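Q: File follows, final10.txt with compact mmCIF, C-alpha atoms:
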# COMPACT_ATOMS: atom_id res chain seq x y z
CA MET A 1 -32.34 -5.65 -49.33
CA LYS A 2 -31.33 -9.30 -49.67
CA HIS A 3 -27.66 -8.38 -49.39
CA SER A 4 -28.40 -6.40 -46.25
CA ILE A 5 -30.22 -9.34 -44.63
CA SER A 6 -27.47 -11.78 -45.62
CA LEU A 7 -24.79 -9.53 -44.18
CA SER A 8 -26.72 -9.22 -40.90
CA LEU A 9 -27.06 -12.98 -40.65
CA ILE A 10 -23.33 -13.50 -41.27
CA CYS A 11 -22.46 -10.97 -38.54
CA LEU A 12 -24.86 -12.67 -36.14
CA VAL A 13 -23.35 -16.10 -36.88
CA LEU A 14 -19.82 -14.77 -36.38
CA LEU A 15 -20.77 -13.08 -33.12
CA THR A 16 -22.47 -16.23 -31.85
CA SER A 17 -19.46 -18.34 -32.84
CA CYS A 18 -17.02 -16.00 -31.07
CA THR A 19 -19.12 -16.06 -27.89
CA TYR A 20 -19.36 -19.87 -28.07
CA PHE A 21 -15.60 -20.35 -28.44
CA GLN A 22 -14.86 -17.83 -25.68
CA ASN A 23 -17.18 -19.70 -23.33
CA LYS A 24 -15.61 -23.04 -24.27
CA LYS A 25 -12.13 -21.61 -23.71
CA ALA A 26 -13.10 -20.24 -20.30
CA GLU A 27 -14.71 -23.59 -19.40
CA LYS A 28 -11.54 -25.46 -20.42
CA GLN A 29 -9.36 -23.08 -18.39
CA MET A 30 -11.57 -23.65 -15.35
CA GLN A 31 -11.34 -27.43 -15.80
CA ASN A 32 -7.55 -27.18 -16.01
CA TYR A 33 -7.47 -25.08 -12.86
CA THR A 34 -9.70 -27.40 -10.83
CA ALA A 35 -7.51 -30.35 -11.89
CA TYR A 36 -4.60 -28.99 -9.84
CA LYS A 37 -3.95 -30.63 -6.52
CA ASP A 38 -3.25 -28.76 -3.33
CA LEU A 39 0.48 -28.40 -2.68
CA HIS A 40 0.53 -30.89 0.19
CA GLN A 41 -1.04 -33.59 -2.02
CA HIS A 42 1.86 -33.70 -4.48
CA GLN A 43 4.36 -36.52 -4.25
CA GLY A 44 7.59 -35.34 -2.64
CA THR A 45 6.08 -32.52 -0.63
CA GLU A 46 5.57 -34.64 2.47
CA ASN A 47 8.89 -33.28 3.72
CA TYR A 48 7.61 -29.71 3.54
CA GLU A 49 5.18 -27.85 5.75
CA VAL A 50 2.29 -25.85 4.30
CA ILE A 51 1.57 -22.85 6.52
CA THR A 52 -1.80 -21.05 6.63
CA LEU A 53 -1.20 -17.34 7.11
CA PHE A 54 -4.86 -16.26 7.19
CA LYS A 55 -8.14 -18.12 7.49
CA ASN A 56 -10.26 -18.60 4.38
CA ASP A 57 -12.65 -15.78 5.28
CA PHE A 58 -9.88 -13.16 5.32
CA ILE A 59 -9.43 -10.78 2.42
CA LEU A 60 -5.89 -9.55 1.83
CA ASN A 61 -6.18 -5.79 1.50
CA GLU A 62 -2.46 -5.15 1.27
CA LYS A 63 0.53 -7.17 0.09
CA LEU A 64 3.81 -5.29 0.28
CA ILE A 65 7.46 -6.29 0.11
CA ASP A 66 10.07 -4.53 2.21
CA ASN A 67 13.05 -4.01 -0.09
CA ASN A 68 15.42 -3.31 2.81
CA GLN A 69 14.67 -6.33 4.98
CA ASN A 70 13.33 -8.79 2.39
CA ILE A 71 10.12 -9.45 4.30
CA LEU A 72 6.46 -9.35 3.30
CA SER A 73 3.81 -7.22 4.97
CA LEU A 74 0.30 -8.63 4.66
CA LEU A 75 -2.87 -6.96 5.89
CA GLY A 76 -5.84 -9.33 6.17
CA GLU A 77 -9.39 -8.42 7.13
CA ASN A 78 -12.72 -10.15 7.62
CA GLU A 79 -16.01 -9.01 9.18
CA LYS A 80 -14.70 -9.36 12.74
CA ASP A 81 -10.92 -9.11 12.72
CA ILE A 82 -8.04 -7.16 11.23
CA SER A 83 -4.52 -8.53 11.31
CA ARG A 84 -1.20 -7.35 9.94
CA LYS A 85 1.59 -9.89 9.62
CA LYS A 86 5.26 -9.66 8.77
CA ILE A 87 6.41 -12.79 6.97
CA ASP A 88 9.93 -13.89 6.11
CA PHE A 89 10.71 -15.88 2.97
CA PHE A 90 10.60 -19.18 4.84
CA GLY A 91 6.91 -18.54 5.53
CA ASP A 92 7.44 -17.84 9.22
CA THR A 93 5.49 -15.03 10.90
CA ILE A 94 8.03 -12.72 12.53
CA GLY A 95 5.47 -10.20 13.77
CA SER A 96 1.70 -9.92 14.05
CA GLU A 97 -0.46 -7.07 15.30
CA GLU A 98 -4.12 -6.08 15.10
CA LEU A 99 -3.21 -2.90 13.26
CA TRP A 100 -5.07 -1.18 10.46
CA TYR A 101 -3.04 1.75 9.20
CA ARG A 102 -2.21 3.32 5.88
CA THR A 103 1.27 2.13 4.88
CA LEU A 104 3.46 4.92 3.55
CA LYS A 105 6.26 4.32 1.08
CA ASP A 106 8.94 4.50 3.78
CA GLY A 107 7.20 1.84 5.90
CA THR A 108 5.55 4.28 8.33
CA LEU A 109 2.10 3.16 9.51
CA TRP A 110 -0.06 6.29 9.37
CA THR A 111 -3.38 7.43 10.83
CA SER A 112 -4.79 10.92 11.36
CA LYS A 113 -3.92 10.86 15.06
CA HIS A 114 -0.51 9.21 15.20
CA TYR A 115 2.04 7.05 13.40
CA LEU A 116 4.02 3.89 14.12
CA SER A 117 7.34 2.45 12.94
CA TRP A 118 6.35 -1.14 13.86
CA LEU A 119 6.53 -2.42 10.31
CA PHE A 120 10.28 -2.01 9.98
CA ASN A 121 11.58 -2.00 13.57
CA GLY A 122 8.89 -3.72 15.68
CA ASP A 123 8.15 -0.61 17.78
CA ASN A 124 4.39 -0.14 18.22
CA THR A 125 4.70 3.16 20.13
CA GLN A 126 2.06 5.63 18.96
CA HIS A 127 3.86 8.86 18.06
CA LYS A 128 1.93 12.12 17.72
CA PHE A 129 2.56 14.52 14.86
CA ILE A 130 4.27 17.81 15.69
CA ASP A 131 3.14 21.34 14.85
CA PRO A 132 6.38 22.92 13.50
CA LEU A 133 5.16 26.40 14.44
CA THR A 134 4.97 25.56 18.15
CA ASN A 135 6.78 22.18 18.38
CA ASN A 136 3.74 20.93 20.31
CA LYS A 137 2.12 17.54 19.74
CA ILE A 138 -1.09 17.46 17.66
CA GLU A 139 -3.76 15.36 19.35
CA ASP A 140 -5.97 14.94 16.26
CA ALA A 141 -5.04 16.19 12.78
CA PHE A 142 -8.69 16.38 11.67
CA LYS A 143 -9.56 18.76 14.50
CA PHE A 144 -6.31 20.69 14.37
CA LYS A 145 -6.36 24.39 13.41
CA ASN A 146 -3.27 26.34 12.44
CA THR A 147 -1.70 28.21 15.32
CA GLU A 148 -0.36 30.95 13.03
CA LYS A 149 -3.03 33.31 11.67
CA ASP A 150 -0.73 35.35 9.46
CA PHE A 151 -0.43 33.61 6.09
CA LYS A 152 2.97 35.12 5.24
CA LYS A 153 4.52 33.83 8.47
CA TRP A 154 2.82 30.48 8.04
CA PHE A 155 3.94 30.20 4.40
CA LYS A 156 7.55 31.03 5.27
CA LYS A 157 7.60 28.19 7.80
CA PHE A 158 5.85 25.88 5.35
CA GLN A 159 8.50 26.47 2.67
CA GLU A 160 11.26 25.89 5.20
CA ILE A 161 9.78 22.59 6.38
CA TYR A 162 8.96 21.45 2.84
CA LEU A 163 12.56 21.94 1.71
CA LEU A 164 13.96 20.14 4.77
CA ALA A 165 11.61 17.15 4.58
CA SER A 166 12.88 13.89 3.11
CA TYR A 167 9.24 12.85 2.67
CA ALA A 168 6.20 15.07 2.16
CA TYR A 169 2.91 13.15 2.27
CA ILE A 170 -0.43 14.83 1.51
CA TYR A 171 -3.82 13.73 2.83
CA ASN A 172 -6.73 16.01 1.94
CA SER A 173 -5.46 19.51 2.79
CA ARG A 174 -2.92 18.31 5.33
CA TYR A 175 0.78 18.08 4.69
CA TYR A 176 2.84 15.58 6.68
CA PHE A 177 6.61 16.12 6.68
CA LYS A 178 9.28 13.62 7.71
CA ILE A 179 12.47 15.23 9.02
CA ASN A 180 15.09 13.07 10.76
CA ASN A 181 12.49 10.32 11.38
CA ILE A 182 10.08 12.74 13.11
CA TRP A 183 6.77 13.62 11.45
CA TYR A 184 5.32 17.14 11.41
CA MET A 185 1.97 18.36 10.11
CA MET A 186 0.64 21.61 8.64
CA ARG A 187 -2.80 22.41 7.28
CA ALA A 188 -2.97 24.24 3.95
CA ASP A 189 -6.61 25.27 3.76
CA TYR A 190 -7.15 28.11 6.22
CA TYR A 191 -6.02 31.18 4.32
CA ASN A 192 -7.72 33.28 1.66
CA GLU A 193 -4.27 34.20 0.31
CA GLU A 194 -3.44 30.58 -0.48
CA PRO A 195 -3.08 30.15 -4.30
CA SER A 196 -5.49 27.79 -6.04
CA ASN A 197 -2.61 25.73 -7.49
CA PHE A 198 -0.92 25.29 -4.12
CA ARG A 199 -0.75 21.50 -4.31
CA SER A 200 0.73 21.49 -7.82
CA GLN A 201 3.39 23.92 -6.63
CA TYR A 202 4.13 21.75 -3.58
CA PRO A 203 3.38 18.13 -4.55
CA GLU A 204 4.18 15.01 -2.58
CA LYS A 205 7.86 14.14 -2.60
CA ILE A 206 10.13 11.47 -1.19
CA ASN A 207 13.87 10.87 -1.21
CA PRO A 208 14.37 7.68 -3.30
CA GLU A 209 16.55 6.28 -0.52
CA GLU A 210 13.53 6.44 1.82
CA ILE A 211 11.39 4.13 -0.35
CA ARG A 212 11.23 0.63 1.08
CA MET A 213 7.66 -0.68 0.63
CA GLN A 214 6.61 -1.86 -2.83
CA PRO A 215 3.46 -3.71 -3.95
CA LEU A 216 4.14 -7.44 -4.23
CA GLN A 217 4.07 -8.50 -7.88
CA GLU A 218 2.66 -12.01 -8.09
CA SER A 219 3.85 -13.10 -11.53
CA MET A 220 6.48 -15.85 -11.35
CA GLU A 221 8.90 -13.88 -13.54
CA THR A 222 8.65 -10.80 -11.34
CA LEU A 223 9.01 -12.81 -8.14
CA MET A 224 12.22 -14.37 -9.45
CA LYS A 225 13.60 -11.00 -10.59
CA GLN A 226 12.96 -9.62 -7.10
CA ASN A 227 14.71 -12.68 -5.60
CA ILE A 228 11.55 -13.58 -3.68
CA ILE A 229 11.67 -17.02 -5.32
CA LYS A 230 15.00 -18.60 -6.19
CA VAL A 231 15.56 -21.75 -8.24
CA ILE A 232 17.90 -23.94 -6.21
CA ASP A 233 17.81 -27.05 -8.39
CA TYR A 234 15.74 -28.56 -11.17
CA VAL A 235 15.43 -32.24 -12.07
CA GLN A 236 13.32 -33.46 -14.98
CA MET A 237 11.48 -36.68 -14.07
Would you give me this structure, written as structure tokens?

A:
Amino acid sequence: MKHSISLSLICLVLLTSCTYFQNKKAEKQMQNYTAYKDLHQHQGTENYEVITLFKNDFILNEKLIDNNQNILSLLGENEKDISRKKIDFFGDTIGSEELWYRTLKDGTLWTSKHYLSWLFNGDNTQHKFIDPLTNNKIEDAFKFKNTEKDFKKWFKKFQEIYLLASYAYIYNSRYYFKINNIWYMMRADYYNEEPSNFRSQYPEKINPEEIRMQPLQESMETLMKQNIIKVIDYVQM
């Protein structure tokens, strides 16, 4: 019994000690962090301009780098406003719109009703998706019902479009296909004949050459590997 009590006390002391040292380490890290000056307060930076991209109350919901154009896409949001900015590597804003859209891997800005190519070419025209069975524009994908009632005919067209598409994006039961920079849509949930493993048979796909938007990695090593930050000169003082 004595051994059991002693062992319990040792474990308790060790646990308390670990917690204490962890708290002290965290406190020291916080002190080190708060000791840093803002960039503009450092000697030698008076010749540089510090640019504020978003106000303090904005939360950055998306930080992407465009591999093709070497620009950043930032989506900031607060309680009142939403703003998407394109930033070059000199910190200059080269485009800004009040746009909230899902960003696809090829840079397309997507919603259920339309899509935009603004992110990579500055065009904010709202393009409707096309029904490949009729070649008519779809006003709202969520309200859209398939125009072809025969599953075999629908499935034949689906396979044809799927094979042609350079990008197949899935949202819920809707398939969006990119063919020659035009987006088509087909619903895959209206037929009793549809197999239960339909999505695993026809998963999302994209031609690697179409991929341009990547999440921005914020570690210094990664930023330098991606050529976002380049060391021009270094002088030890």

Q: Find the spatial neighbours of A:Thr147, counting only C-alpha atoms, within a cut-off of 10 Å - ignore same-chain residues fewer than 5 positions away - and output them as a short mmCIF file (atom, residue, chain, number, x, y, z; two decimals) with C-alpha atoms, keeping the file's coordinate frame.

A:
data_model
loop_
_atom_site.label_atom_id
_atom_site.label_comp_id
_atom_site.auth_asym_id
_atom_site.auth_seq_id
_atom_site.Cartn_x
_atom_site.Cartn_y
_atom_site.Cartn_z
CA ASP A 131 3.14 21.34 14.85
CA PRO A 132 6.38 22.92 13.50
CA LEU A 133 5.16 26.40 14.44
CA THR A 134 4.97 25.56 18.15
CA TRP A 154 2.82 30.48 8.04
CA MET A 186 0.64 21.61 8.64
CA ARG A 187 -2.80 22.41 7.28
#

Q: Quick check, in Å to one decimal: how far apart do atom CA of A:Ala141 and atom CA of A:Gln126 lie?

A: 14.1 Å

Q: As an exercise, work out the distance from atom CA of A:Ile59 to atom CA of A:Leu75 in Å and give it to one decimal place.

A: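 Rounded to one decimal, the two atoms are 8.3 Å apart.
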
Q: Excluding A:Thr103 and its own-chain neighbours fewer than 2 positions away, which residues fall within 10 Å of it when counting all atoms listed in the file? Please give them as a ChimeraX atom specification.

A: /A:62,64,73,100-101,105-111,115-116,119,213

Q: Which residues are near stretch 84-97 of chain A? Cut-off 7 Å, all atoms listed in the file, ignore same chain within fewer than 3 positions. Put them as a PyMOL selection string.

A: chain A and resi 51+71-76

Q: Of the candidates A:Lys63, A:Ser173, A:Tyr202, A:Lys145, which one gets nearest to A:Ile161 if we count all atoms listed in the file?

A: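 Nearest to A:Ile161: A:Tyr202.
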
Q: Mind giving me the straight-line distance from atom CA of A:Leu216 to atom CA of A:Asn181 in Å, one decimal?

A: 25.1 Å

Q: Which of these residues is nearest to A:Tyr169, using only C-alpha atoms: A:Glu148, A:Glu204, A:Glu221, A:Asp189?

A: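 Between A:Glu148, A:Glu204, A:Glu221, A:Asp189, the residue approaching A:Tyr169 most closely is A:Glu204.
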
Q: My list of candidates is A:Ile65, A:Leu60, A:Thr125, A:Pro208. Which is closest to A:Asn78 when distances are computed with all atoms listed in the file?

A: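 Smallest separation from A:Asn78 among the options: A:Leu60.
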
Q: Which one is closest to A:Lys80: A:Tyr184, A:Phe151, A:Gln217, A:Asp57? Count all atoms listed in the file.

A: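 Ranked by minimum distance to A:Lys80, first place goes to A:Asp57.
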
Q: I need the residue nearest A:Asn146 from this list: A:His114, A:Arg174, A:Lys225, A:Arg199. Use only C-alpha atoms for the distance.

A: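 Between A:His114, A:Arg174, A:Lys225, A:Arg199, the residue approaching A:Asn146 most closely is A:Arg174.
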
Q: Set up a box along x, y and z of the file covering all listed atoms of stretch 51-68 of chain A, add 6 Å on every one of the six sides, and write the centre and edge lengths in Å to one decimal, as AutoDock Vina command-line options.

A:
--center_x 1.4 --center_y -13.1 --center_z 3.7 --size_x 40.1 --size_y 31.5 --size_z 19.6

Q: Nearest residue to A:Phe177 out of A:Lys153, A:Ile130, A:Phe142, A:Lys137, using only C-alpha atoms?

A: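 The answer is A:Ile130, which sits nearest to A:Phe177.
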